[in-house]
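The next block holds one structure in the form of structure tokens; read it before the comments.
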Amino acid sequence: MRIATWNVNSIRARVGRVVDWMVREDIDVLAMQEIKCKPPQFPAQAFEDAGYELAVHGLSQWNGVAFASRLEMADVATGFPGMPGFLKGQEGPGLPLEARALGVTVEDLRLWSLYVPNGRSIDDPHFAYKLDWLERLRAHARDELARDPHLALALMGDWNVAPFERDMGDPSFVPGKSTHISEPERAAFRAFEAEGIFDVVRPLAPEGYTFWDYKQLRFPRNEGMRIDFILGSPAFADLVTAASIHRNERKGDAPSDHVPVVVELALEGEDDDRPMIF
């Protein structure tokens, strides 16, 4: 099975690229972020014509997450228990929940498509929201694994954190002043390891950025950052046989500013003689 995550930065603008890539790369399940549309606006026909079913969670022209899968999806959840909300200028419980998390079960895999808040700036309320959001996600994952230690759980998406120095190549990000590279954000990312949830891509694809800003020739200069990840529980990690970052999807006409991240899984009883789609 081939599973991927991709911040598509508006699915309506890039549906052709996304579906063509999925078919060409034989992707079984794709987690998408920043779809920027409501479910009725999602360009479903192109995915369905290619043999994919959809789960979509979008509330406005911002944010939004989705799954496209060749396999049946069950237990669809829009948001995880305890997920905080956000409304600029307001604090406390009961704030509006954004479309940033979508969970599905495929086969025996529990998969999440996640669009972690950006943080905006270290002194912005959105930064505190980001840290709280990550902490609540960690707590949910911990609880899930406490209930079922053998759960094959994957947390996939745009984490908006460059956890190590080698993950940041954009010179506009300044230590001590910029988000994505602050110690609180990096500590929040590392905290998932304490729960037994690890980056399953880096051991197999140690190099490579996943995002390049559109401005200042960041991509030709390779001034990017690695902020898109697939984190997995031990049961999920044990299934992973290969991983890759598809840098070439940042090239060509109207690309997203992110590229897909892919893992290959060896599932018991999986038929490796499935026909290829051309």
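The way I read the labels, and the way they are meant: chains A, B, ... in the order of the structure tokens, residue 1 as the first residue of every chain, and ligand 1 as the first ligand shown, with later ones counted on from there.
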
Per DSSP on the backbone, filter segment 2-219 of chain A down to the residues in helix (DSSP H, G or I) and report them as a ChimeraX atom specification.
/A:11-24,39-41,44-49,125-147,165-167,183-194

Those same residues - C-alpha atoms - I'd like them written as a compact mmCIF listing (two decimals), in the first residue's frame.
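Final output, out26.txt:
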```txt
# COMPACT_ATOMS: atom_id res chain seq x y z
CA ILE A 11 -7.48 21.70 -4.50
CA ARG A 12 -9.69 23.52 -6.99
CA ALA A 13 -6.62 25.19 -8.49
CA ARG A 14 -4.58 21.97 -8.64
CA VAL A 15 -6.99 19.07 -9.02
CA GLY A 16 -5.49 18.00 -12.34
CA ARG A 17 -1.97 17.89 -10.96
CA VAL A 18 -3.01 16.03 -7.84
CA VAL A 19 -5.07 13.33 -9.55
CA ASP A 20 -2.51 12.83 -12.33
CA TRP A 21 0.24 12.41 -9.75
CA MET A 22 -1.81 9.95 -7.67
CA VAL A 23 -2.50 7.73 -10.67
CA ARG A 24 1.06 7.98 -11.98
CA PRO A 39 -17.24 19.83 0.69
CA PRO A 40 -19.78 20.85 -2.03
CA GLN A 41 -17.03 22.88 -3.73
CA ALA A 44 -14.89 15.25 -6.51
CA GLN A 45 -15.60 14.03 -10.04
CA ALA A 46 -11.94 13.94 -11.10
CA PHE A 47 -11.04 11.77 -8.10
CA GLU A 48 -14.04 9.49 -8.52
CA ASP A 49 -13.30 9.01 -12.22
CA PRO A 125 -2.14 34.62 20.02
CA HIS A 126 -2.02 32.18 17.12
CA PHE A 127 1.35 30.97 18.41
CA ALA A 128 -0.14 29.97 21.77
CA TYR A 129 -3.01 28.34 19.87
CA LYS A 130 -0.49 26.35 17.81
CA LEU A 131 1.27 25.03 20.90
CA ASP A 132 -2.03 24.16 22.56
CA TRP A 133 -3.23 22.44 19.38
CA LEU A 134 -0.10 20.28 19.24
CA GLU A 135 -0.37 19.40 22.92
CA ARG A 136 -4.01 18.36 22.55
CA LEU A 137 -3.12 16.27 19.50
CA ARG A 138 -0.34 14.57 21.44
CA ALA A 139 -2.73 13.84 24.31
CA HIS A 140 -5.26 12.34 21.92
CA ALA A 141 -2.63 10.12 20.29
CA ARG A 142 -1.42 9.03 23.73
CA ASP A 143 -4.95 8.10 24.75
CA GLU A 144 -5.54 6.18 21.53
CA LEU A 145 -2.40 4.11 22.02
CA ALA A 146 -3.21 3.55 25.69
CA ARG A 147 -6.52 2.03 24.62
CA GLU A 165 18.39 22.87 12.06
CA ARG A 166 18.92 20.93 8.84
CA ASP A 167 15.18 21.21 8.15
CA GLU A 183 12.32 25.85 20.89
CA PRO A 184 8.70 25.59 22.17
CA GLU A 185 7.54 24.38 18.74
CA ARG A 186 10.41 21.95 18.38
CA ALA A 187 9.82 20.66 21.89
CA ALA A 188 6.13 20.14 21.05
CA PHE A 189 7.17 18.09 18.02
CA ARG A 190 9.67 16.04 20.02
CA ALA A 191 7.04 15.33 22.65
CA PHE A 192 5.35 12.90 20.26
CA GLU A 193 8.44 10.68 20.49
CA ALA A 194 7.83 10.35 24.23
```

Segment 168-181 of chain A: which residues within 9 Å, counting only C-alpha atoms, same-chain residues fewer than 3 positions away excluded, as a list in words?
Asn118, Gly119, Arg120, Ser121, Ile122, Phe127, Trp159, Asn160, Val161, Ala162, Pro163, Phe164, Glu165, Pro184, Glu185, Arg186, Tyr209, Trp212, Asp213, Arg218, Asn222, Glu223, Gly224, Met225, Arg226 and Ile227 of chain A

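Of the listed residues A:Ala4, A:Asp257, A:Pro149, A:Pro84, the one whose atoms come nearest to Ala243 of chain A is A:Ala4, with distances taken using only C-alpha atoms.
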
Per residue of segment 142-260 of chain A within 12 Å of segment 60-75 of chain A, which atom pair is closest and at what distance in Å (one decimal), using only C-alpha atoms, listed by chain and increasing number, as a tab-separated table?
```
residue	atom	partner	partner_atom	distance
A:Met156	CA	A:Val65	CA	10.9
A:Gly157	CA	A:Val65	CA	9.2
A:Asp158	CA	A:Val65	CA	10.4
```

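When atom CA of Asn7 of chain A is paired with atom CA of Phe229 of chain A, their separation reads 10.8 Å.
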
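Counting only C-alpha atoms and comparing A:Asp108, A:Glu53, A:Asp228, A:Glu98, the residue that lies closest to Val262 of chain A is A:Asp228.
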
Let's see if you can do this: from backbone DSSP, list all strand (DSSP E) residues in segment 9-40 of chain A, as a ChimeraX atom specification.
/A:29-33

For atom CA of Gln33 of chain A and atom CA of Val8 of chain A, determine how far apart the two atoms are, in Å to one decimal place.
6.2 Å
